[in-house]
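Coordinates from query-v7.tsv are shown below (TSV, C-alpha atoms).
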chain	number	residue	atom	x	y	z
A	1	MET	CA	71.77	126.39	109.85
A	2	LYS	CA	71.30	123.08	108.03
A	3	THR	CA	73.44	120.01	107.54
A	4	GLN	CA	73.19	119.13	103.86
A	5	TYR	CA	74.33	116.13	101.88
A	6	TYR	CA	74.86	117.75	98.46
A	7	THR	CA	76.19	115.48	95.74
A	8	SER	CA	75.91	114.32	92.16
A	9	SER	CA	74.88	110.79	91.30
A	10	SER	CA	74.08	108.59	88.35
A	11	LEU	CA	70.40	107.82	87.68
A	12	ASP	CA	70.97	104.37	89.15
A	13	GLY	CA	72.34	105.69	92.43
A	14	PHE	CA	76.12	105.69	92.16
A	15	LEU	CA	78.45	108.53	93.20
A	16	ALA	CA	81.34	107.23	91.16
A	17	THR	CA	82.49	104.10	89.36
A	18	GLU	CA	83.98	101.29	91.40
A	19	ASP	CA	87.47	102.73	90.77
A	20	ASP	CA	86.30	106.21	91.85
A	21	SER	CA	86.19	107.70	88.38
A	22	LEU	CA	84.06	110.81	87.79
A	23	ASP	CA	84.89	111.09	84.09
A	24	TRP	CA	81.22	110.41	83.23
A	25	LEU	CA	80.23	113.44	85.32
A	26	PHE	CA	82.18	116.25	83.73
A	27	ALA	CA	80.67	115.59	80.29
A	28	LEU	CA	77.18	116.35	81.60
A	29	GLY	CA	77.14	120.10	81.90
A	30	ASP	CA	78.48	123.31	83.34
A	31	ILE	CA	78.39	123.44	87.14
A	32	SER	CA	77.71	127.18	86.98
A	33	GLN	CA	74.29	126.39	85.47
A	34	THR	CA	73.31	124.32	88.51
A	35	SER	CA	72.34	125.30	92.06
A	36	TYR	CA	75.99	124.97	93.12
A	37	PRO	CA	77.03	128.67	93.04
A	38	ALA	CA	74.05	129.63	95.25
A	39	PHE	CA	74.52	126.58	97.47
A	40	ILE	CA	78.22	127.07	98.20
A	41	LYS	CA	77.72	130.71	99.27
A	42	ASP	CA	75.76	129.52	102.31
A	43	VAL	CA	78.22	126.80	103.33
A	44	GLY	CA	80.30	127.52	106.45
A	45	ALA	CA	82.01	124.16	106.98
A	46	ILE	CA	82.63	121.01	104.95
A	47	ALA	CA	82.84	117.32	105.88
A	48	MET	CA	84.22	114.71	103.51
A	49	GLY	CA	85.42	111.13	103.66
A	50	SER	CA	88.94	110.04	102.80
A	51	ALA	CA	87.99	108.68	99.35
A	52	THR	CA	86.56	112.08	98.38
A	53	TYR	CA	89.64	113.91	99.70
A	54	GLU	CA	92.04	111.54	97.97
A	55	TRP	CA	90.09	111.98	94.73
A	56	ILE	CA	90.76	115.74	94.97
A	57	LEU	CA	94.46	115.05	95.70
A	58	ARG	CA	94.79	112.75	92.69
A	59	HIS	CA	92.88	115.10	90.35
A	60	ALA	CA	94.51	118.40	91.32
A	61	GLN	CA	94.92	119.40	87.66
A	62	GLU	CA	91.34	118.49	86.72
A	63	VAL	CA	89.92	120.29	89.76
A	64	SER	CA	92.07	123.31	88.92
A	65	ASP	CA	90.84	123.30	85.32
A	66	GLN	CA	87.20	123.11	86.46
A	67	THR	CA	87.36	125.58	89.34
A	68	GLY	CA	90.56	127.62	88.99
A	69	SER	CA	92.27	126.09	92.02
A	70	PRO	CA	93.41	122.63	93.15
A	71	TRP	CA	91.52	123.32	96.40
A	72	PRO	CA	88.51	125.47	95.53
A	73	TYR	CA	87.03	125.71	99.05
A	74	THR	CA	87.52	128.63	101.45
A	75	GLN	CA	85.52	126.93	104.21
A	76	PRO	CA	87.16	124.98	107.03
A	77	THR	CA	87.02	121.31	106.09
A	78	TRP	CA	87.04	118.13	108.12
A	79	VAL	CA	88.32	114.98	106.45
A	80	PHE	CA	87.11	111.79	108.13
A	81	THR	CA	89.97	109.32	108.01
A	82	SER	CA	91.94	106.95	110.21
A	83	ARG	CA	95.06	107.46	108.07
A	84	LYS	CA	97.60	110.25	107.76
A	85	LEU	CA	96.97	112.13	104.51
A	86	PRO	CA	98.89	114.99	102.89
A	87	VAL	CA	97.54	118.54	103.18
A	88	ILE	CA	96.91	120.50	100.00
A	89	PRO	CA	98.76	123.87	100.32
A	90	GLY	CA	96.30	126.63	101.23
A	91	ALA	CA	93.55	124.22	102.29
A	92	LYS	CA	91.98	124.71	105.74
A	93	VAL	CA	91.82	121.00	106.48
A	94	SER	CA	91.52	119.08	109.75
A	95	PHE	CA	91.64	115.33	109.98
A	96	ALA	CA	89.00	113.67	112.12
A	97	ASN	CA	88.31	110.16	113.27
A	98	GLY	CA	85.50	108.51	115.12
A	99	ASP	CA	82.01	109.60	116.03
A	100	VAL	CA	80.49	112.36	113.89
A	101	THR	CA	78.43	113.93	116.71
A	102	ALA	CA	81.37	115.54	118.56
A	103	LEU	CA	82.82	116.74	115.26
A	104	HIS	CA	79.45	118.15	114.25
A	105	HIS	CA	79.52	120.43	117.30
A	106	GLU	CA	82.97	121.65	116.29
A	107	MET	CA	81.82	122.17	112.71
A	108	GLN	CA	78.73	124.10	113.82
A	109	ALA	CA	80.92	126.48	115.80
A	110	ALA	CA	83.19	126.99	112.79
A	111	ALA	CA	80.27	127.43	110.40
A	112	ALA	CA	79.05	130.39	112.49
A	113	GLY	CA	75.42	130.20	111.42
A	114	ARG	CA	76.02	129.00	107.88
A	115	ASN	CA	75.30	125.47	106.64
A	116	ILE	CA	77.40	122.32	106.94
A	117	TRP	CA	78.07	120.52	103.68
A	118	VAL	CA	78.54	116.77	103.85
A	119	MET	CA	80.26	116.26	100.52
A	120	GLY	CA	80.37	112.46	100.67
A	121	GLY	CA	80.86	109.62	100.30
A	122	GLY	CA	77.58	107.91	100.89
A	123	ASP	CA	78.58	106.15	104.08
A	124	LEU	CA	79.78	109.37	105.72
A	125	ALA	CA	76.44	111.00	104.86
A	126	GLY	CA	74.79	107.90	106.31
A	127	GLN	CA	76.76	108.32	109.55
A	128	PHE	CA	75.46	111.88	109.90
A	129	HIS	CA	71.94	110.56	109.33
A	130	ASP	CA	72.45	107.71	111.83
A	131	ALA	CA	73.38	110.35	114.41
A	132	GLY	CA	70.22	112.36	113.61
A	133	LEU	CA	72.19	115.27	112.19
A	134	LEU	CA	71.16	115.39	108.53
A	135	ASP	CA	68.53	117.94	107.40
A	136	GLU	CA	68.64	117.78	103.59
A	137	ILE	CA	69.74	115.58	100.74
A	138	ILE	CA	70.30	117.43	97.46
A	139	VAL	CA	71.19	115.24	94.49
A	140	GLN	CA	72.19	116.33	91.02
A	141	ILE	CA	71.14	113.23	89.10
A	142	GLY	CA	73.30	113.02	86.00
A	143	SER	CA	71.87	111.58	82.77
A	144	VAL	CA	73.92	108.38	82.95
A	145	THR	CA	73.61	104.91	84.34
A	146	LEU	CA	76.77	103.26	85.67
A	147	GLY	CA	75.46	99.78	86.45
A	148	ARG	CA	77.75	99.50	89.47
A	149	GLY	CA	79.87	101.79	91.60
A	150	LYS	CA	80.06	103.64	94.91
A	151	PRO	CA	76.60	103.85	96.53
A	152	LEU	CA	74.80	107.19	96.90
A	153	PHE	CA	73.43	106.55	100.38
A	154	PRO	CA	73.73	103.05	101.82
A	155	ARG	CA	70.87	103.42	104.28
A	156	ARG	CA	67.14	102.65	104.36
A	157	VAL	CA	65.07	105.82	104.85
A	158	LEU	CA	61.37	105.46	104.08
A	159	SER	CA	58.38	107.78	103.75
A	160	PRO	CA	57.61	110.18	105.37
A	161	ASP	CA	61.13	110.64	106.77
A	162	LEU	CA	62.36	111.68	103.33
A	163	ALA	CA	60.19	114.26	101.55
A	164	LEU	CA	60.75	115.77	98.11
A	165	VAL	CA	60.94	119.56	98.35
A	166	SER	CA	61.76	120.58	94.78
A	167	VAL	CA	62.87	119.36	91.36
A	168	THR	CA	64.77	121.35	88.75
A	169	GLN	CA	65.94	120.44	85.27
A	170	VAL	CA	69.43	121.60	84.23
A	171	GLY	CA	69.63	121.11	80.49
A	172	THR	CA	69.68	117.50	79.32
A	173	GLY	CA	72.42	116.54	81.76
A	174	PHE	CA	71.04	116.97	85.28
A	175	ALA	CA	67.89	116.75	87.38
A	176	GLU	CA	68.36	118.41	90.77
A	177	LEU	CA	66.25	116.88	93.52
A	178	THR	CA	66.04	118.39	97.02
A	179	TYR	CA	64.75	116.32	99.94
A	180	SER	CA	64.13	117.26	103.54
A	181	VAL	CA	65.19	114.61	106.04
A	182	SER	CA	63.38	114.12	109.33
A	183	ARG	CA	65.90	113.98	112.17
A	184	ASN	CA	63.36	111.92	114.12
A	185	GLY	CA	63.23	109.32	111.41
A	186	ARG	CA	66.72	107.95	111.94
B	1	MET	CA	55.66	104.12	68.35
B	2	LYS	CA	58.19	104.04	71.17
B	3	THR	CA	59.62	101.33	73.39
B	4	GLN	CA	59.58	102.73	76.92
B	5	TYR	CA	61.03	101.49	80.17
B	6	TYR	CA	58.57	103.03	82.63
B	7	THR	CA	59.14	102.21	86.29
B	8	SER	CA	59.36	103.47	89.82
B	9	SER	CA	62.62	103.40	91.76
B	10	SER	CA	64.10	104.46	95.06
B	11	LEU	CA	66.35	107.54	95.03
B	12	ASP	CA	69.34	105.22	95.31
B	13	GLY	CA	68.39	103.21	92.22
B	14	PHE	CA	66.49	100.16	93.40
B	15	LEU	CA	63.25	98.82	91.91
B	16	ALA	CA	62.42	96.74	94.97
B	17	THR	CA	64.03	95.38	98.10
B	18	GLU	CA	66.16	92.26	97.82
B	19	ASP	CA	63.10	90.12	98.68
B	20	ASP	CA	61.01	91.94	96.01
B	21	SER	CA	58.94	93.99	98.42
B	22	LEU	CA	57.25	97.15	97.13
B	23	ASP	CA	55.68	98.07	100.48
B	24	TRP	CA	57.82	101.22	100.59
B	25	LEU	CA	56.29	102.32	97.28
B	26	PHE	CA	52.58	102.37	98.02
B	27	ALA	CA	53.01	104.79	100.93
B	28	LEU	CA	54.39	107.44	98.59
B	29	GLY	CA	51.34	108.73	96.79
B	30	ASP	CA	48.38	108.19	94.54
B	31	ILE	CA	49.26	106.76	91.14
B	32	SER	CA	46.41	108.77	89.57
B	33	GLN	CA	48.36	111.95	90.37
B	34	THR	CA	51.33	110.79	88.29
B	35	SER	CA	51.86	110.49	84.54
B	36	TYR	CA	50.63	106.88	84.66
B	37	PRO	CA	47.03	107.41	83.49
B	38	ALA	CA	48.22	109.34	80.42
B	39	PHE	CA	51.10	106.93	79.84
B	40	ILE	CA	49.06	103.70	79.91
B	41	LYS	CA	46.53	105.03	77.36
B	42	ASP	CA	49.23	105.00	74.69
B	43	VAL	CA	50.57	101.53	75.53
B	44	GLY	CA	49.74	98.78	73.02
B	45	ALA	CA	51.85	95.91	74.35
B	46	ILE	CA	53.68	95.07	77.57
B	47	ALA	CA	56.90	93.16	78.30
B	48	MET	CA	57.82	92.03	81.79
B	49	GLY	CA	60.25	89.66	83.44
B	50	SER	CA	59.25	86.67	85.51
B	51	ALA	CA	59.98	88.37	88.86
B	52	THR	CA	57.60	91.20	87.96
B	53	TYR	CA	54.90	88.76	86.82
B	54	GLU	CA	55.29	86.59	89.92
B	55	TRP	CA	55.04	89.70	92.10
B	56	ILE	CA	51.64	90.42	90.52
B	57	LEU	CA	50.58	86.77	91.07
B	58	ARG	CA	51.59	86.89	94.74
B	59	HIS	CA	49.98	90.29	95.35
B	60	ALA	CA	46.65	89.73	93.58
B	61	GLN	CA	44.69	91.24	96.47
B	62	GLU	CA	46.96	94.30	96.77
B	63	VAL	CA	46.91	94.91	93.01
B	64	SER	CA	43.13	94.54	93.04
B	65	ASP	CA	42.82	97.03	95.91
B	66	GLN	CA	45.03	99.54	94.07
B	67	THR	CA	43.62	99.13	90.58
B	68	GLY	CA	40.26	97.35	90.85
B	69	SER	CA	41.48	94.13	89.23
B	70	PRO	CA	44.12	91.45	89.94
B	71	TRP	CA	45.28	91.96	86.32
B	72	PRO	CA	44.72	95.62	85.46
B	73	TYR	CA	46.13	95.48	81.90
B	74	THR	CA	44.04	95.18	78.75
B	75	GLN	CA	47.13	95.12	76.52
B	76	PRO	CA	48.67	91.87	75.27
B	77	THR	CA	51.58	91.04	77.56
B	78	TRP	CA	54.74	89.02	77.06
B	79	VAL	CA	56.34	87.50	80.15
B	80	PHE	CA	60.00	86.66	79.65
B	81	THR	CA	60.64	83.41	81.48
B	82	SER	CA	62.20	80.00	81.00
B	83	ARG	CA	59.74	78.46	83.45
B	84	LYS	CA	56.07	77.47	83.21
B	85	LEU	CA	54.01	80.01	85.15
B	86	PRO	CA	50.28	80.11	85.90
B	87	VAL	CA	48.06	82.42	83.85
B	88	ILE	CA	45.90	84.95	85.66
B	89	PRO	CA	42.27	84.49	84.48
B	90	GLY	CA	41.39	87.16	81.95
B	91	ALA	CA	45.00	88.17	81.32
B	92	LYS	CA	46.23	88.26	77.70
B	93	VAL	CA	49.60	86.75	78.53
B	94	SER	CA	52.16	84.98	76.37
B	95	PHE	CA	55.31	83.41	77.73
B	96	ALA	CA	58.50	84.14	75.87
B	97	ASN	CA	62.06	82.97	76.09
B	98	GLY	CA	65.28	83.97	74.43
B	99	ASP	CA	66.27	86.93	72.32
B	100	VAL	CA	64.18	90.07	72.70
B	101	THR	CA	64.57	91.20	69.06
B	102	ALA	CA	62.25	88.58	67.56
B	103	LEU	CA	59.72	89.15	70.31
B	104	HIS	CA	59.92	92.89	69.76
B	105	HIS	CA	58.74	92.42	66.18
B	106	GLU	CA	55.80	90.39	67.44
B	107	MET	CA	55.02	93.01	70.08
B	108	GLN	CA	55.19	95.84	67.54
B	109	ALA	CA	52.63	94.07	65.38
B	110	ALA	CA	50.36	93.57	68.39
B	111	ALA	CA	50.81	97.16	69.59
B	112	ALA	CA	49.44	98.39	66.23
B	113	GLY	CA	51.10	101.80	66.34
B	114	ARG	CA	50.94	102.33	70.08
B	115	ASN	CA	53.92	102.13	72.43
B	116	ILE	CA	55.62	99.12	73.97
B	117	TRP	CA	55.97	99.23	77.74
B	118	VAL	CA	58.94	97.39	79.22
B	119	MET	CA	57.71	97.14	82.80
B	120	GLY	CA	60.87	95.59	84.23
B	121	GLY	CA	62.92	94.32	85.86
B	122	GLY	CA	66.11	96.20	85.21
B	123	ASP	CA	67.88	93.42	83.36
B	124	LEU	CA	65.00	92.91	80.91
B	125	ALA	CA	65.05	96.65	80.17
B	126	GLY	CA	68.82	96.30	79.75
B	127	GLN	CA	68.31	93.49	77.22
B	128	PHE	CA	66.05	95.74	75.14
B	129	HIS	CA	68.73	98.43	75.30
B	130	ASP	CA	71.48	95.94	74.39
B	131	ALA	CA	69.46	95.09	71.28
B	132	GLY	CA	69.11	98.78	70.36
B	133	LEU	CA	65.35	98.76	70.93
B	134	LEU	CA	64.85	101.16	73.84
B	135	ASP	CA	63.70	104.75	73.14
B	136	GLU	CA	62.85	106.16	76.56
B	137	ILE	CA	63.44	105.59	80.25
B	138	ILE	CA	60.80	107.14	82.52
B	139	VAL	CA	61.47	106.81	86.24
B	140	GLN	CA	59.19	107.79	89.09
B	141	ILE	CA	61.82	108.31	91.78
B	142	GLY	CA	60.18	107.70	95.13
B	143	SER	CA	61.27	109.67	98.19
B	144	VAL	CA	62.99	106.73	99.84
B	145	THR	CA	66.40	105.14	99.96
B	146	LEU	CA	66.58	101.36	100.26
B	147	GLY	CA	70.33	100.87	100.68
B	148	ARG	CA	70.19	97.64	98.69
B	149	GLY	CA	67.80	95.82	96.42
B	150	LYS	CA	66.98	94.98	92.80
B	151	PRO	CA	68.89	97.30	90.44
B	152	LEU	CA	67.05	99.87	88.30
B	153	PHE	CA	69.14	99.36	85.17
B	154	PRO	CA	72.28	97.24	85.39
B	155	ARG	CA	73.96	98.79	82.37
B	156	ARG	CA	76.44	101.59	81.68
B	157	VAL	CA	74.92	104.28	79.44
B	158	LEU	CA	76.83	107.56	79.33
B	159	SER	CA	76.26	111.04	77.93
B	160	PRO	CA	75.02	111.91	75.34
B	161	ASP	CA	73.27	108.55	74.79
B	162	LEU	CA	70.96	109.29	77.70
B	163	ALA	CA	69.40	112.77	77.68
B	164	LEU	CA	67.02	114.26	80.23
B	165	VAL	CA	63.80	115.40	78.52
B	166	SER	CA	61.66	116.52	81.46
B	167	VAL	CA	61.29	116.52	85.24
B	168	THR	CA	58.03	116.74	87.18
B	169	GLN	CA	57.36	116.85	90.90
B	170	VAL	CA	54.43	114.78	92.20
B	171	GLY	CA	53.81	115.96	95.75
B	172	THR	CA	56.51	115.08	98.27
B	173	GLY	CA	56.59	111.43	97.18
B	174	PHE	CA	57.78	111.32	93.58
B	175	ALA	CA	60.04	113.02	91.04
B	176	GLU	CA	59.27	111.85	87.50
B	177	LEU	CA	62.27	111.92	85.17
B	178	THR	CA	61.97	111.23	81.45
B	179	TYR	CA	65.07	110.38	79.39
B	180	SER	CA	65.47	109.77	75.70
B	181	VAL	CA	67.80	106.88	74.84
B	182	SER	CA	69.90	106.88	71.71
B	183	ARG	CA	69.48	103.58	69.89
B	184	ASN	CA	72.92	104.14	68.38
B	185	GLY	CA	74.49	104.36	71.80
B	186	ARG	CA	74.07	100.73	72.70
Would you encode the structure as structure tokens?
Amino acid sequence: MKTQYYTSSSLDGFLATEDDSLDWLFALGDISQTSYPAFIKDVGAIAMGSATYEWILRHAQEVSDQTGSPWPYTQPTWVFTSRKLPVIPGAKVSFANGDVTALHHEMQAAAAGRNIWVMGGGDLAGQFHDAGLLDEIIVQIGSVTLGRGKPLFPRRVLSPDLALVSVTQVGTGFAELTYSVSRNGR
Amino acid sequence: MKTQYYTSSSLDGFLATEDDSLDWLFALGDISQTSYPAFIKDVGAIAMGSATYEWILRHAQEVSDQTGSPWPYTQPTWVFTSRKLPVIPGAKVSFANGDVTALHHEMQAAAAGRNIWVMGGGDLAGQFHDAGLLDEIIVQIGSVTLGRGKPLFPRRVLSPDLALVSVTQVGTGFAELTYSVSRNGR
């Protein structure tokens, strides 16, 4: 069972534009050609920040067009937020606040041997790393530069605590990079 | 003859720390294992910004240890700066100021059919792109995150103007990504 930060990013390290647009992303390729279908099969629980969740809320139609459902996840999901947010019908969502370590225990139990997906944003992934809970970072680097935007991973992690495991090209639109993260290196 | 922005970067899109340190970089691997030896053979002229040049001045010993010389380039080099900077003995350096287009003509003549290497920083590479002069971006993504620092490429270039050509893994320390840049996309 691994805790994985799996995300897309621009070449210059941004998850989204400053106003949380992902329009640049969907032009890049077909998600079914990437590692995503194999990845999601092994996911047993999901963690996401409020900006990620609210993006899904605001883009219900777009998500539905891309995936067939406004909430395409069957896994129990924890949304890290200090605010009250609406629940998408049919979504197995819990709202969580505070330290990620206690929640990670709860997520591990729910995942029942499968992996935990930290969907983002970057600071939430950083909090899992700060707590020594992150095992892998998998980035689909899109063939764009954004110049500014929401940071991929606002932390300093140096060699050898981050180690490149594999690289894969997906057409002209994506390079998939998989890194192992040393839990001791936090 | 191509104009290439060839550089290393952190996974999160920084060329260097905020105080221009590259200490994180040299721990990552042996440059002779990367595409660099093949790349530099085809370079006929070099462009760099003043921060890059001053880094080489300040790190003469380190550069010498890594490459055998405090100025390891035989190619004529243009340093873009508005200030008067010292010349490294033996270096074929010209100081340039202003628009990159006129200088690019001069560099093309000097390169005599070989490629032009835009070494950095990110904004100088951006100026070449703004002028429609950039053909390729080649990034050696090191297995580190810096959290903040000098930006890789402070421009917005979307699909299909940037297209991934190839990806190569170099040990656990580097992923080399090569992109073609559409000159029409500026």
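Residues surrounding stretch 167-176 of chain B within 6 Å are Ala163 and Leu164 of chain A; Leu28, Gly29, Val139, Gln140, Ile141, Gly142 and Ser143 of chain B [only C-alpha atoms; sequence separation below 2 positions excluded].
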- Message: Considering all atoms listed in the file, can you say which of B:Arg183, B:Lys2, B:Lys41, B:Lys150 comes closest to chain A?
- Response: B:Lys150
Per residue of chain B within 6 Å of chain A, which atom pair is closest and at what distance in Å (one decimal), using all atoms listed in the file, listed by chain and increasing number, as a tab-separated table?
residue	atom	partner	partner_atom	distance
B:Asp12	CA	A:Gly13	CA	4.2
B:Gly13	CA	A:Asp12	CA	4.2
B:Ser143	CA	A:Leu162	CA	5.6
B:Val144	CA	A:Leu158	CA	4.7
B:Thr145	CA	A:Arg156	CA	5.1
B:Leu146	CA	A:Arg156	CA	4.3
B:Gly147	CA	A:Pro154	CA	4.2
B:Pro154	CA	A:Gly147	CA	4.2
B:Arg155	CA	A:Gly147	CA	4.5
B:Arg156	CA	A:Leu146	CA	4.3
B:Val157	CA	A:Thr145	CA	5.1
B:Leu158	CA	A:Val144	CA	4.7
B:Leu162	CA	A:Ser143	CA	5.6
B:Ala163	CA	A:Thr172	CA	5.0
B:Leu164	CA	A:Thr172	CA	4.3
B:Thr172	CA	A:Leu164	CA	4.3
Would you mind listing what lies within 10 Å of stretch 102-108 of chain B as a PDB file with C-alpha atoms, in the frame of the given file, with only C-alpha atoms counted and same-chain residues fewer than 3 positions away left out?
ATOM      1  CA  MET B   1      55.660 104.120  68.350  1.00  0.00           C
ATOM      2  CA  LYS B   2      58.190 104.040  71.170  1.00  0.00           C
ATOM      3  CA  THR B   3      59.620 101.330  73.390  1.00  0.00           C
ATOM      4  CA  GLY B  44      49.740  98.780  73.020  1.00  0.00           C
ATOM      5  CA  ALA B  45      51.850  95.910  74.350  1.00  0.00           C
ATOM      6  CA  ILE B  46      53.680  95.070  77.570  1.00  0.00           C
ATOM      7  CA  ALA B  47      56.900  93.160  78.300  1.00  0.00           C
ATOM      8  CA  PRO B  76      48.670  91.870  75.270  1.00  0.00           C
ATOM      9  CA  THR B  77      51.580  91.040  77.560  1.00  0.00           C
ATOM     10  CA  TRP B  78      54.740  89.020  77.060  1.00  0.00           C
ATOM     11  CA  PHE B  80      60.000  86.660  79.650  1.00  0.00           C
ATOM     12  CA  ALA B  96      58.500  84.140  75.870  1.00  0.00           C
ATOM     13  CA  ASN B  97      62.060  82.970  76.090  1.00  0.00           C
ATOM     14  CA  GLY B  98      65.280  83.970  74.430  1.00  0.00           C
ATOM     15  CA  ASP B  99      66.270  86.930  72.320  1.00  0.00           C
ATOM     16  CA  ALA B 111      50.810  97.160  69.590  1.00  0.00           C
ATOM     17  CA  ALA B 112      49.440  98.390  66.230  1.00  0.00           C
ATOM     18  CA  GLY B 113      51.100 101.800  66.340  1.00  0.00           C
ATOM     19  CA  ARG B 114      50.940 102.330  70.080  1.00  0.00           C
ATOM     20  CA  ASN B 115      53.920 102.130  72.430  1.00  0.00           C
ATOM     21  CA  ILE B 116      55.620  99.120  73.970  1.00  0.00           C
ATOM     22  CA  TRP B 117      55.970  99.230  77.740  1.00  0.00           C
ATOM     23  CA  PHE B 128      66.050  95.740  75.140  1.00  0.00           C
ATOM     24  CA  ALA B 131      69.460  95.090  71.280  1.00  0.00           C
ATOM     25  CA  LEU B 133      65.350  98.760  70.930  1.00  0.00           C
TER      26      LEU B 133
END
- Query: Suppose you want the space between atom CA of A:Arg83 and atom CA of A:Ile138; what is it in Å?
  - Reply: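 Interatomic distance, atom CA of A:Arg83 to atom CA of A:Ile138: 28.7 Å.
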- Query: Counting all atoms listed in the file, which of A:Tyr6, A:Ala51, A:Ala125, A:Leu57 gets nearest to A:Tyr36?
  - Reply: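 Residue with the minimum atom-to-atom distance to A:Tyr36: A:Tyr6.
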- Which of these, A:Ser21, A:Thr81, A:Ser32, A:Thr178, has the shortest distance to A:His59 once you count all atoms listed in the file?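 Answer, going by the shortest atom-to-atom distance: A:Ser21.
Taking only C-alpha atoms into account, B:Leu124 lies nearest to B:Val100 out of the set B:Glu18, B:Lys92, B:Thr74, B:Val100.
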- Could you work out how far atom CA of A:Gly126 lies from atom CA of A:Gly90, giving the answer in Å with one decimal? 29.0 Å
